[in-house]
file protein_29.json (JSON, N, CA and C atoms)
[["chain", "number", "residue", "atom", "x", "y", "z"],
["A", 1, "ASP", "N", 48.29, -52.07, 127.04],
["A", 1, "ASP", "CA", 49.53, -52.63, 126.53],
["A", 1, "ASP", "C", 50.13, -51.65, 125.51],
["A", 2, "ARG", "N", 51.18, -50.95, 125.89],
["A", 2, "ARG", "CA", 51.73, -49.92, 125.02],
["A", 2, "ARG", "C", 52.74, -50.53, 124.05],
["A", 3, "PRO", "N", 52.80, -49.97, 122.85],
["A", 3, "PRO", "CA", 53.82, -50.45, 121.90],
["A", 3, "PRO", "C", 55.22, -50.07, 122.38],
["A", 4, "PHE", "N", 56.21, -50.84, 121.97],
["A", 4, "PHE", "CA", 57.61, -50.60, 122.31],
["A", 4, "PHE", "C", 57.82, -50.55, 123.83],
["A", 5, "PRO", "N", 57.37, -51.57, 124.56],
["A", 5, "PRO", "CA", 57.47, -51.53, 126.02],
["A", 5, "PRO", "C", 58.91, -51.53, 126.55],
["A", 6, "HIS", "N", 59.86, -51.93, 125.72],
["A", 6, "HIS", "CA", 61.25, -51.96, 126.15],
["A", 6, "HIS", "C", 61.93, -50.59, 126.10],
["A", 7, "LEU", "N", 61.23, -49.60, 125.55],
["A", 7, "LEU", "CA", 61.78, -48.25, 125.44],
["A", 7, "LEU", "C", 61.21, -47.34, 126.52],
["A", 8, "PRO", "N", 61.98, -46.31, 126.93],
["A", 8, "PRO", "CA", 61.41, -45.30, 127.84],
["A", 8, "PRO", "C", 60.20, -44.62, 127.20],
["A", 9, "GLY", "N", 59.37, -44.00, 128.02],
["A", 9, "GLY", "CA", 58.10, -43.44, 127.55],
["A", 9, "GLY", "C", 58.20, -42.51, 126.35],
["A", 10, "ARG", "N", 59.11, -41.54, 126.40],
["A", 10, "ARG", "CA", 59.24, -40.59, 125.29],
["A", 10, "ARG", "C", 59.62, -41.30, 124.01],
["A", 11, "GLU", "N", 60.62, -42.16, 124.06],
["A", 11, "GLU", "CA", 61.08, -42.88, 122.88],
["A", 11, "GLU", "C", 59.97, -43.80, 122.36],
["A", 12, "ALA", "N", 59.25, -44.45, 123.28],
["A", 12, "ALA", "CA", 58.15, -45.34, 122.87],
["A", 12, "ALA", "C", 57.05, -44.56, 122.16],
["A", 13, "ALA", "N", 56.71, -43.37, 122.68],
["A", 13, "ALA", "CA", 55.66, -42.55, 122.06],
["A", 13, "ALA", "C", 56.07, -42.11, 120.66],
["A", 14, "ILE", "N", 57.31, -41.68, 120.51],
["A", 14, "ILE", "CA", 57.78, -41.22, 119.20],
["A", 14, "ILE", "C", 57.91, -42.40, 118.24],
["A", 15, "ALA", "N", 58.40, -43.54, 118.71],
["A", 15, "ALA", "CA", 58.50, -44.73, 117.87],
["A", 15, "ALA", "C", 57.11, -45.18, 117.40],
["A", 16, "ALA", "N", 56.14, -45.15, 118.30],
["A", 16, "ALA", "CA", 54.77, -45.55, 117.94],
["A", 16, "ALA", "C", 54.20, -44.59, 116.88],
["A", 17, "TYR", "N", 54.48, -43.31, 117.01],
["A", 17, "TYR", "CA", 54.01, -42.34, 116.03],
["A", 17, "TYR", "C", 54.66, -42.60, 114.67],
["A", 18, "ILE", "N", 55.98, -42.77, 114.65],
["A", 18, "ILE", "CA", 56.69, -43.03, 113.40],
["A", 18, "ILE", "C", 56.21, -44.33, 112.76],
["A", 19, "ASP", "N", 55.95, -45.33, 113.59],
["A", 19, "ASP", "CA", 55.52, -46.64, 113.09],
["A", 19, "ASP", "C", 54.19, -46.55, 112.33],
["A", 20, "ARG", "N", 53.35, -45.61, 112.68],
["A", 20, "ARG", "CA", 52.04, -45.45, 112.03],
["A", 20, "ARG", "C", 52.10, -44.64, 110.73],
["A", 21, "LEU", "N", 53.22, -43.97, 110.48],
["A", 21, "LEU", "CA", 53.34, -43.12, 109.29],
["A", 21, "LEU", "C", 53.53, -43.95, 108.02],
["A", 22, "PRO", "N", 53.08, -43.43, 106.89],
["A", 22, "PRO", "CA", 53.33, -44.13, 105.63],
["A", 22, "PRO", "C", 54.80, -44.00, 105.22],
["A", 23, "ASP", "N", 55.27, -44.91, 104.40],
["A", 23, "ASP", "CA", 56.64, -44.83, 103.88],
["A", 23, "ASP", "C", 56.84, -43.48, 103.20],
["A", 24, "GLY", "N", 57.98, -42.90, 103.42],
["A", 24, "GLY", "CA", 58.32, -41.63, 102.79],
["A", 24, "GLY", "C", 57.86, -40.40, 103.54],
["A", 25, "ALA", "N", 57.20, -40.59, 104.69],
["A", 25, "ALA", "CA", 56.74, -39.44, 105.47],
["A", 25, "ALA", "C", 57.93, -38.68, 106.06],
["A", 26, "ASP", "N", 57.74, -37.40, 106.26],
["A", 26, "ASP", "CA", 58.78, -36.54, 106.83],
["A", 26, "ASP", "C", 58.87, -36.81, 108.33],
["A", 27, "ILE", "N", 60.04, -37.28, 108.78],
["A", 27, "ILE", "CA", 60.24, -37.48, 110.21],
["A", 27, "ILE", "C", 61.44, -36.65, 110.69],
["A", 28, "SER", "N", 61.53, -35.46, 110.15],
["A", 28, "SER", "CA", 62.58, -34.55, 110.60],
["A", 28, "SER", "C", 62.26, -34.08, 112.02],
["A", 29, "VAL", "N", 63.26, -33.59, 112.71],
["A", 29, "VAL", "CA", 63.09, -33.11, 114.08],
["A", 29, "VAL", "C", 62.03, -32.01, 114.13],
["A", 30, "LYS", "N", 62.10, -31.06, 113.21],
["A", 30, "LYS", "CA", 61.14, -29.95, 113.22],
["A", 30, "LYS", "C", 59.71, -30.44, 112.98],
["A", 31, "THR", "N", 59.54, -31.34, 112.04],
["A", 31, "THR", "CA", 58.20, -31.86, 111.76],
["A", 31, "THR", "C", 57.66, -32.65, 112.94],
["A", 32, "LEU", "N", 58.48, -33.52, 113.51],
["A", 32, "LEU", "CA", 58.02, -34.31, 114.66],
["A", 32, "LEU", "C", 57.68, -33.41, 115.85],
["A", 33, "ALA", "N", 58.45, -32.35, 116.07],
["A", 33, "ALA", "CA", 58.15, -31.43, 117.17],
["A", 33, "ALA", "C", 56.81, -30.73, 116.97],
["A", 34, "LYS", "N", 56.42, -30.52, 115.72],
["A", 34, "LYS", "CA", 55.12, -29.88, 115.43],
["A", 34, "LYS", "C", 53.96, -30.85, 115.67],
["A", 35, "VAL", "N", 54.15, -32.11, 115.30],
["A", 35, "VAL", "CA", 53.02, -33.05, 115.35],
["A", 35, "VAL", "C", 52.98, -33.87, 116.64],
["A", 36, "VAL", "N", 54.06, -33.87, 117.39],
["A", 36, "VAL", "CA", 54.09, -34.51, 118.71],
["A", 36, "VAL", "C", 54.38, -33.39, 119.71],
["A", 37, "PRO", "N", 53.36, -32.57, 120.01],
["A", 37, "PRO", "CA", 53.59, -31.33, 120.74],
["A", 37, "PRO", "C", 54.05, -31.50, 122.19],
["A", 38, "ALA", "N", 54.00, -32.69, 122.73],
["A", 38, "ALA", "CA", 54.44, -32.90, 124.11],
["A", 38, "ALA", "C", 55.95, -32.72, 124.26],
["A", 39, "TYR", "N", 56.67, -32.77, 123.14],
["A", 39, "TYR", "CA", 58.13, -32.71, 123.18],
["A", 39, "TYR", "C", 58.64, -31.63, 122.23],
["A", 40, "GLY", "N", 59.68, -30.93, 122.65],
["A", 40, "GLY", "CA", 60.31, -29.93, 121.81],
["A", 40, "GLY", "C", 61.38, -30.55, 120.92],
["A", 41, "GLN", "N", 62.02, -29.70, 120.12],
["A", 41, "GLN", "CA", 63.02, -30.18, 119.17],
["A", 41, "GLN", "C", 64.20, -30.88, 119.85],
["A", 42, "CYS", "N", 64.67, -30.34, 120.96],
["A", 42, "CYS", "CA", 65.81, -30.98, 121.64],
["A", 42, "CYS", "C", 65.43, -32.37, 122.15],
["A", 43, "ALA", "N", 64.23, -32.50, 122.72],
["A", 43, "ALA", "CA", 63.78, -33.80, 123.21],
["A", 43, "ALA", "C", 63.58, -34.78, 122.06],
["A", 44, "ILE", "N", 63.04, -34.30, 120.95],
["A", 44, "ILE", "CA", 62.86, -35.15, 119.77],
["A", 44, "ILE", "C", 64.21, -35.62, 119.25],
["A", 45, "ARG", "N", 65.17, -34.71, 119.14],
["A", 45, "ARG", "CA", 66.51, -35.05, 118.65],
["A", 45, "ARG", "C", 67.15, -36.12, 119.55],
["A", 46, "THR", "N", 67.03, -35.95, 120.84],
["A", 46, "THR", "CA", 67.58, -36.94, 121.79],
["A", 46, "THR", "C", 66.87, -38.27, 121.65],
["A", 47, "ALA", "N", 65.55, -38.24, 121.51],
["A", 47, "ALA", "CA", 64.78, -39.48, 121.35],
["A", 47, "ALA", "C", 65.17, -40.21, 120.08],
["A", 48, "LEU", "N", 65.36, -39.48, 118.98],
["A", 48, "LEU", "CA", 65.76, -40.12, 117.72],
["A", 48, "LEU", "C", 67.16, -40.73, 117.86],
["A", 49, "ARG", "N", 68.04, -40.06, 118.56],
["A", 49, "ARG", "CA", 69.37, -40.61, 118.83],
["A", 49, "ARG", "C", 69.26, -41.90, 119.65],
["A", 50, "ASN", "N", 68.37, -41.89, 120.64],
["A", 50, "ASN", "CA", 68.16, -43.08, 121.47],
["A", 50, "ASN", "C", 67.52, -44.22, 120.67],
["A", 51, "LEU", "N", 66.61, -43.89, 119.76],
["A", 51, "LEU", "CA", 66.02, -44.92, 118.90],
["A", 51, "LEU", "C", 67.06, -45.52, 117.97],
["A", 52, "THR", "N", 68.02, -44.72, 117.53],
["A", 52, "THR", "CA", 69.13, -45.23, 116.72],
["A", 52, "THR", "C", 69.97, -46.19, 117.56],
["A", 53, "ALA", "N", 70.31, -45.79, 118.77],
["A", 53, "ALA", "CA", 71.11, -46.64, 119.65],
["A", 53, "ALA", "C", 70.39, -47.94, 119.99],
["A", 54, "ALA", "N", 69.06, -47.88, 120.08],
["A", 54, "ALA", "CA", 68.27, -49.07, 120.39],
["A", 54, "ALA", "C", 68.09, -49.99, 119.18],
["A", 55, "GLY", "N", 68.46, -49.52, 117.98],
["A", 55, "GLY", "CA", 68.37, -50.35, 116.79],
["A", 55, "GLY", "C", 67.11, -50.20, 115.96],
["A", 56, "HIS", "N", 66.28, -49.21, 116.28],
["A", 56, "HIS", "CA", 65.03, -49.02, 115.55],
["A", 56, "HIS", "C", 65.14, -48.04, 114.39],
["A", 57, "LEU", "N", 66.17, -47.23, 114.36],
["A", 57, "LEU", "CA", 66.25, -46.13, 113.40],
["A", 57, "LEU", "C", 67.67, -46.03, 112.86],
["A", 58, "ARG", "N", 67.77, -45.74, 111.57],
["A", 58, "ARG", "CA", 69.08, -45.48, 110.96],
["A", 58, "ARG", "C", 68.92, -44.35, 109.95],
["A", 59, "ARG", "N", 69.97, -43.57, 109.84],
["A", 59, "ARG", "CA", 70.01, -42.50, 108.85],
["A", 59, "ARG", "C", 71.21, -42.72, 107.96],
["A", 60, "GLY", "N", 71.09, -42.30, 106.72],
["A", 60, "GLY", "CA", 72.20, -42.40, 105.80],
["A", 60, "GLY", "C", 72.08, -41.31, 104.75],
["A", 61, "SER", "N", 73.20, -40.93, 104.17],
["A", 61, "SER", "CA", 73.21, -39.91, 103.12],
["A", 61, "SER", "C", 73.27, -40.58, 101.76],
["A", 62, "GLU", "N", 72.60, -39.96, 100.82],
["A", 62, "GLU", "CA", 72.57, -40.47, 99.46],
["A", 62, "GLU", "C", 72.84, -39.33, 98.50],
["A", 63, "HIS", "N", 73.72, -39.57, 97.56],
["A", 63, "HIS", "CA", 74.08, -38.55, 96.57],
["A", 63, "HIS", "C", 73.15, -38.67, 95.38],
["A", 64, "LEU", "N", 72.44, -37.61, 95.09],
["A", 64, "LEU", "CA", 71.53, -37.58, 93.95],
["A", 64, "LEU", "C", 72.11, -36.66, 92.88],
["A", 65, "ALA", "N", 72.30, -37.20, 91.72],
["A", 65, "ALA", "CA", 72.81, -36.40, 90.61],
["A", 65, "ALA", "C", 71.71, -36.32, 89.56],
["A", 66, "GLY", "N", 71.27, -35.13, 89.29],
["A", 66, "GLY", "CA", 70.24, -34.92, 88.28],
["A", 66, "GLY", "C", 70.78, -34.08, 87.16],
["A", 67, "GLU", "N", 69.91, -33.66, 86.29],
["A", 67, "GLU", "CA", 70.32, -32.82, 85.17],
["A", 67, "GLU", "C", 70.75, -31.45, 85.69],
["A", 68, "GLY", "N", 72.04, -31.21, 85.66],
["A", 68, "GLY", "CA", 72.57, -29.91, 86.05],
["A", 68, "GLY", "C", 72.63, -29.66, 87.55],
["A", 69, "SER", "N", 72.28, -30.65, 88.36],
["A", 69, "SER", "CA", 72.36, -30.43, 89.80],
["A", 69, "SER", "C", 72.84, -31.70, 90.50],
["A", 70, "GLN", "N", 73.52, -31.48, 91.58],
["A", 70, "GLN", "CA", 73.94, -32.58, 92.43],
["A", 70, "GLN", "C", 73.63, -32.18, 93.87],
["A", 71, "ARG", "N", 73.07, -33.09, 94.61],
["A", 71, "ARG", "CA", 72.78, -32.78, 96.00],
["A", 71, "ARG", "C", 72.81, -34.05, 96.84],
["A", 72, "TRP", "N", 72.97, -33.85, 98.11],
["A", 72, "TRP", "CA", 72.95, -34.94, 99.07],
["A", 72, "TRP", "C", 71.63, -34.88, 99.83],
["A", 73, "VAL", "N", 71.02, -36.02, 100.02],
["A", 73, "VAL", "CA", 69.81, -36.10, 100.83],
["A", 73, "VAL", "C", 70.05, -37.09, 101.96],
["A", 74, "THR", "N", 69.37, -36.86, 103.05],
["A", 74, "THR", "CA", 69.45, -37.79, 104.18],
["A", 74, "THR", "C", 68.23, -38.69, 104.15],
["A", 75, "ARG", "N", 68.48, -39.97, 104.18],
["A", 75, "ARG", "CA", 67.41, -40.96, 104.23],
["A", 75, "ARG", "C", 67.33, -41.50, 105.66],
["A", 76, "THR", "N", 66.12, -41.75, 106.11],
["A", 76, "THR", "CA", 65.92, -42.31, 107.43],
["A", 76, "THR", "C", 65.07, -43.56, 107.29],
["A", 77, "TRP", "N", 65.51, -44.63, 107.96],
["A", 77, "TRP", "CA", 64.78, -45.90, 107.93],
["A", 77, "TRP", "C", 64.39, -46.27, 109.35],
["A", 78, "PHE", "N", 63.20, -46.84, 109.49],
["A", 78, "PHE", "CA", 62.68, -47.23, 110.80],
["A", 78, "PHE", "C", 62.21, -48.67, 110.72],
["A", 79, "THR", "N", 62.44, -49.41, 111.77],
["A", 79, "THR", "CA", 61.91, -50.77, 111.87],
["A", 79, "THR", "C", 61.32, -50.98, 113.25],
["A", 80, "ARG", "N", 60.18, -51.63, 113.28],
["A", 80, "ARG", "CA", 59.51, -51.93, 114.55],
["A", 80, "ARG", "C", 60.37, -52.85, 115.41],
["A", 81, "THR", "N", 61.08, -53.76, 114.76],
["A", 81, "THR", "CA", 61.96, -54.69, 115.46],
["A", 81, "THR", "C", 63.35, -54.08, 115.57],
["A", 82, "ALA", "N", 63.90, -54.07, 116.77],
["A", 82, "ALA", "CA", 65.25, -53.53, 116.95],
["A", 82, "ALA", "C", 66.25, -54.41, 116.20],
["A", 83, "ARG", "N", 67.16, -53.78, 115.48],
["A", 83, "ARG", "CA", 68.15, -54.50, 114.65],
["A", 83, "ARG", "C", 69.56, -54.12, 115.07],
["A", 84, "ASP", "N", 70.50, -55.04, 114.84],
["A", 84, "ASP", "CA", 71.89, -54.74, 115.18],
["A", 84, "ASP", "C", 72.59, -54.08, 113.98],
["A", 85, "ASP", "N", 73.83, -53.66, 114.21],
["A", 85, "ASP", "CA", 74.57, -52.93, 113.17],
["A", 85, "ASP", "C", 74.79, -53.77, 111.92],
["A", 86, "ALA", "N", 75.01, -55.08, 112.07],
["A", 86, "ALA", "CA", 75.22, -55.95, 110.90],
["A", 86, "ALA", "C", 73.97, -55.97, 110.02],
["A", 87, "TRP", "N", 72.80, -56.03, 110.63],
["A", 87, "TRP", "CA", 71.55, -56.03, 109.86],
["A", 87, "TRP", "C", 71.40, -54.72, 109.10],
["A", 88, "TRP", "N", 71.63, -53.60, 109.79],
["A", 88, "TRP", "CA", 71.49, -52.30, 109.15],
["A", 88, "TRP", "C", 72.48, -52.11, 108.02],
["A", 89, "ALA", "N", 73.72, -52.60, 108.21],
["A", 89, "ALA", "CA", 74.74, -52.47, 107.17],
["A", 89, "ALA", "C", 74.32, -53.26, 105.93],
["A", 90, "ALA", "N", 73.79, -54.46, 106.13],
["A", 90, "ALA", "CA", 73.32, -55.26, 105.00],
["A", 90, "ALA", "C", 72.12, -54.59, 104.32],
["A", 91, "TYR", "N", 71.22, -54.06, 105.11],
["A", 91, "TYR", "CA", 70.04, -53.38, 104.56],
["A", 91, "TYR", "C", 70.46, -52.18, 103.69],
["A", 92, "ALA", "N", 71.37, -51.39, 104.21],
["A", 92, "ALA", "CA", 71.80, -50.17, 103.51],
["A", 92, "ALA", "C", 72.48, -50.48, 102.18],
["A", 93, "THR", "N", 73.14, -51.62, 102.08],
["A", 93, "THR", "CA", 73.86, -51.96, 100.86],
["A", 93, "THR", "C", 73.08, -52.91, 99.95],
["A", 94, "GLY", "N", 71.89, -53.31, 100.40],
["A", 94, "GLY", "CA", 71.06, -54.19, 99.57],
["A", 94, "GLY", "C", 71.49, -55.64, 99.61],
["A", 95, "LYS", "N", 72.33, -56.01, 100.56],
["A", 95, "LYS", "CA", 72.76, -57.40, 100.67],
["A", 95, "LYS", "C", 71.71, -58.22, 101.38],
["A", 96, "GLU", "N", 71.90, -59.54, 101.38],
["A", 96, "GLU", "CA", 70.97, -60.42, 102.07],
["A", 96, "GLU", "C", 70.97, -60.09, 103.55],
["A", 97, "LEU", "N", 69.79, -59.99, 104.12],
["A", 97, "LEU", "CA", 69.68, -59.57, 105.51],
["A", 97, "LEU", "C", 69.90, -60.75, 106.46],
["A", 98, "PRO", "N", 70.72, -60.54, 107.50],
["A", 98, "PRO", "CA", 70.88, -61.58, 108.50],
["A", 98, "PRO", "C", 69.57, -61.80, 109.26],
["A", 99, "GLN", "N", 69.38, -62.97, 109.75],
["A", 99, "GLN", "CA", 68.16, -63.28, 110.50],
["A", 99, "GLN", "C", 68.18, -62.71, 111.86]]

call {"tool": "encode", "arguments": {"input": "protein_29.json", "output": "structure tokens"}}
result
Amino acid sequence: DRPFPHLPGREAAIAAYIDRLPDGADISVKTLAKVVPAYGQCAIRTALRNLTAAGHLRRGSEHLAGEGSQRWVTRTWFTRTARDDAWWAAYATGKELPQ
């Protein structure tokens, strides 16, 4: 019984790998291509795009202002349960999450 049975094999394998990672782990395309050697960077990028479309993954930019520096970072969030756009929008803004 494989995890994420509703996803194609590549996306399911990558989702299962991401699901096992601790919070804050690096899930960049380059890092995933190194640790999931069955797929190259292009395949990983496509799979992450497909996981976003399926509702499991979202990315957002955050502006960090520190002492004497300002930079933008990309945050990525993953959920085992596929979510719709309304749920992700509420999550990103800290509002009450729809059921």

call {"tool": "atom_distance", "arguments": {"input": "protein_29.json", "atom1": "atom N of Ala53 in chain A", "atom2": "atom C of Thr74 in chain A"}}
result
16.4 Å

call {"tool": "select_by_dssp", "arguments": {"input": "protein_29.json", "residues": "chain A", "states": "helix (DSSP H, G or I)", "output": "ChimeraX atom specification"}}
result
/A:9-20,29-35,41-54,85-93

call {"tool": "atom_distance", "arguments": {"input": "protein_29.json", "atom1": "atom C of Ala89 in chain A", "atom2": "atom C of Asp26 in chain A"}}
result
22.7 Å

call {"tool": "residues_near_point", "arguments": {"input": "protein_29.json", "point": "(64.3, -34.4, 124.1)", "cutoff": "12 Å", "atoms": "only C-alpha atoms", "output": "number ranges by chain"}}
result
A: 8-11, 14, 29, 32-33, 36-51

call {"tool": "residues_around", "arguments": {"input": "protein_29.json", "residues": "Glu62 in chain A", "least_positions_apart": "6", "cutoff": "8 Å", "atoms": "all atoms listed in the file", "output": "list in words"}}
result
Arg71, Trp72, Val73, Thr74 and Arg75 of chain A

call {"tool": "closest_residue", "arguments": {"input": "protein_29.json", "among": "A:Gly55, A:Pro98, A:Gly60, A:Gly66", "to": "Asp84 in chain A", "atoms": "only N, CA and C atoms"}}
result
A:Gly55

call {"tool": "select_by_dssp", "arguments": {"input": "protein_29.json", "residues": "chain A", "states": "strand (DSSP E)", "output": "list in words"}}
result
Leu57, Arg58, Arg59, Gly60, Ser61, Glu62, His63, Leu64, Ala65, Gly66, Ser69, Gln70, Arg71, Trp72, Val73, Thr74, Arg75, Thr76, Trp77 and Phe78 of chain A

call {"tool": "residues_around", "arguments": {"input": "protein_29.json", "residues": "Thr76 in chain A", "least_positions_apart": "4", "cutoff": "9 Å", "atoms": "only C-alpha atoms", "output": "JSON, numbers by chain"}}
result
{"A": [24, 27, 57, 58, 59, 60, 61]}

call {"tool": "closest_residue", "arguments": {"input": "protein_29.json", "among": "A:Asp1, A:Phe78, A:Trp88, A:Lys34", "to": "Asp19 in chain A", "atoms": "only N, CA and C atoms"}}
result
A:Phe78

call {"tool": "residues_around", "arguments": {"input": "protein_29.json", "residues": "Ala13 in chain A", "least_positions_apart": "6", "cutoff": "8 Å", "atoms": "only N, CA and C atoms", "output": "NGL selection string"}}
result
:A and (3-4 or 7 or 19)

call {"tool": "write_last_selection", "arguments": {"input": "protein_29.json", "atoms": "N, CA and C atoms", "output": "short mmCIF file (atom, residue, chain, number, x, y, z; two decimals), in the coordinates of the input"}}
result
data_model
loop_
_atom_site.label_atom_id
_atom_site.label_comp_id
_atom_site.auth_asym_id
_atom_site.auth_seq_id
_atom_site.Cartn_x
_atom_site.Cartn_y
_atom_site.Cartn_z
N PRO A 3 52.80 -49.97 122.85
CA PRO A 3 53.82 -50.45 121.90
C PRO A 3 55.22 -50.07 122.38
N PHE A 4 56.21 -50.84 121.97
CA PHE A 4 57.61 -50.60 122.31
C PHE A 4 57.82 -50.55 123.83
N LEU A 7 61.23 -49.60 125.55
CA LEU A 7 61.78 -48.25 125.44
C LEU A 7 61.21 -47.34 126.52
N ASP A 19 55.95 -45.33 113.59
CA ASP A 19 55.52 -46.64 113.09
C ASP A 19 54.19 -46.55 112.33
#

call {"tool": "atom_distance", "arguments": {"input": "protein_29.json", "atom1": "atom C of Thr93 in chain A", "atom2": "CA of Trp77 in chain A"}}
result
13.5 Å

call {"tool": "build_atoms", "arguments": {"input": "protein_29.json", "residues": "range 63-71 of chain A", "atoms": "all heavy atoms", "output": "short mmCIF file (atom, residue, chain, number, x, y, z; two decimals), in the frame of the given file"}}
result
data_model
loop_
_atom_site.label_atom_id
_atom_site.label_comp_id
_atom_site.auth_asym_id
_atom_site.auth_seq_id
_atom_site.Cartn_x
_atom_site.Cartn_y
_atom_site.Cartn_z
N HIS A 63 73.72 -39.57 97.56
CA HIS A 63 74.08 -38.55 96.57
C HIS A 63 73.15 -38.67 95.38
O HIS A 63 73.06 -39.72 94.75
CB HIS A 63 75.54 -38.74 96.14
CG HIS A 63 76.02 -37.66 95.23
ND1 HIS A 63 76.49 -37.91 93.98
CD2 HIS A 63 76.10 -36.32 95.42
CE1 HIS A 63 76.83 -36.77 93.42
NE2 HIS A 63 76.61 -35.80 94.27
N LEU A 64 72.44 -37.61 95.09
CA LEU A 64 71.53 -37.58 93.95
C LEU A 64 72.11 -36.66 92.88
O LEU A 64 72.37 -35.49 93.15
CB LEU A 64 70.15 -37.06 94.35
CG LEU A 64 69.37 -37.86 95.38
CD1 LEU A 64 68.05 -37.17 95.68
CD2 LEU A 64 69.14 -39.28 94.92
N ALA A 65 72.30 -37.20 91.72
CA ALA A 65 72.81 -36.40 90.61
C ALA A 65 71.71 -36.32 89.56
O ALA A 65 71.25 -37.33 89.05
CB ALA A 65 74.07 -37.02 90.02
N GLY A 66 71.27 -35.13 89.29
CA GLY A 66 70.24 -34.92 88.28
C GLY A 66 70.78 -34.08 87.16
O GLY A 66 71.98 -33.81 87.07
N GLU A 67 69.91 -33.66 86.29
CA GLU A 67 70.32 -32.82 85.17
C GLU A 67 70.75 -31.45 85.69
O GLU A 67 69.93 -30.66 86.13
CB GLU A 67 69.17 -32.68 84.18
CG GLU A 67 68.85 -33.97 83.46
CD GLU A 67 67.78 -33.75 82.40
OE1 GLU A 67 67.64 -32.61 81.90
OE2 GLU A 67 67.08 -34.72 82.10
N GLY A 68 72.04 -31.21 85.66
CA GLY A 68 72.57 -29.91 86.05
C GLY A 68 72.63 -29.66 87.55
O GLY A 68 72.97 -28.57 87.97
N SER A 69 72.28 -30.65 88.36
CA SER A 69 72.36 -30.43 89.80
C SER A 69 72.84 -31.70 90.50
O SER A 69 72.62 -32.80 90.03
CB SER A 69 71.01 -30.02 90.37
OG SER A 69 70.12 -31.10 90.37
N GLN A 70 73.52 -31.48 91.58
CA GLN A 70 73.94 -32.58 92.43
C GLN A 70 73.63 -32.18 93.87
O GLN A 70 73.90 -31.06 94.27
CB GLN A 70 75.44 -32.83 92.28
CG GLN A 70 75.82 -33.33 90.91
CD GLN A 70 77.28 -33.76 90.87
OE1 GLN A 70 77.84 -34.15 91.86
NE2 GLN A 70 77.87 -33.67 89.69
N ARG A 71 73.07 -33.09 94.61
CA ARG A 71 72.78 -32.78 96.00
C ARG A 71 72.81 -34.05 96.84
O ARG A 71 72.71 -35.15 96.33
CB ARG A 71 71.44 -32.08 96.14
CG ARG A 71 70.27 -32.90 95.67
CD ARG A 71 68.99 -32.09 95.67
NE ARG A 71 67.95 -32.85 95.03
CZ ARG A 71 66.78 -33.11 95.56
NH1 ARG A 71 66.49 -32.64 96.74
NH2 ARG A 71 65.90 -33.82 94.92
#
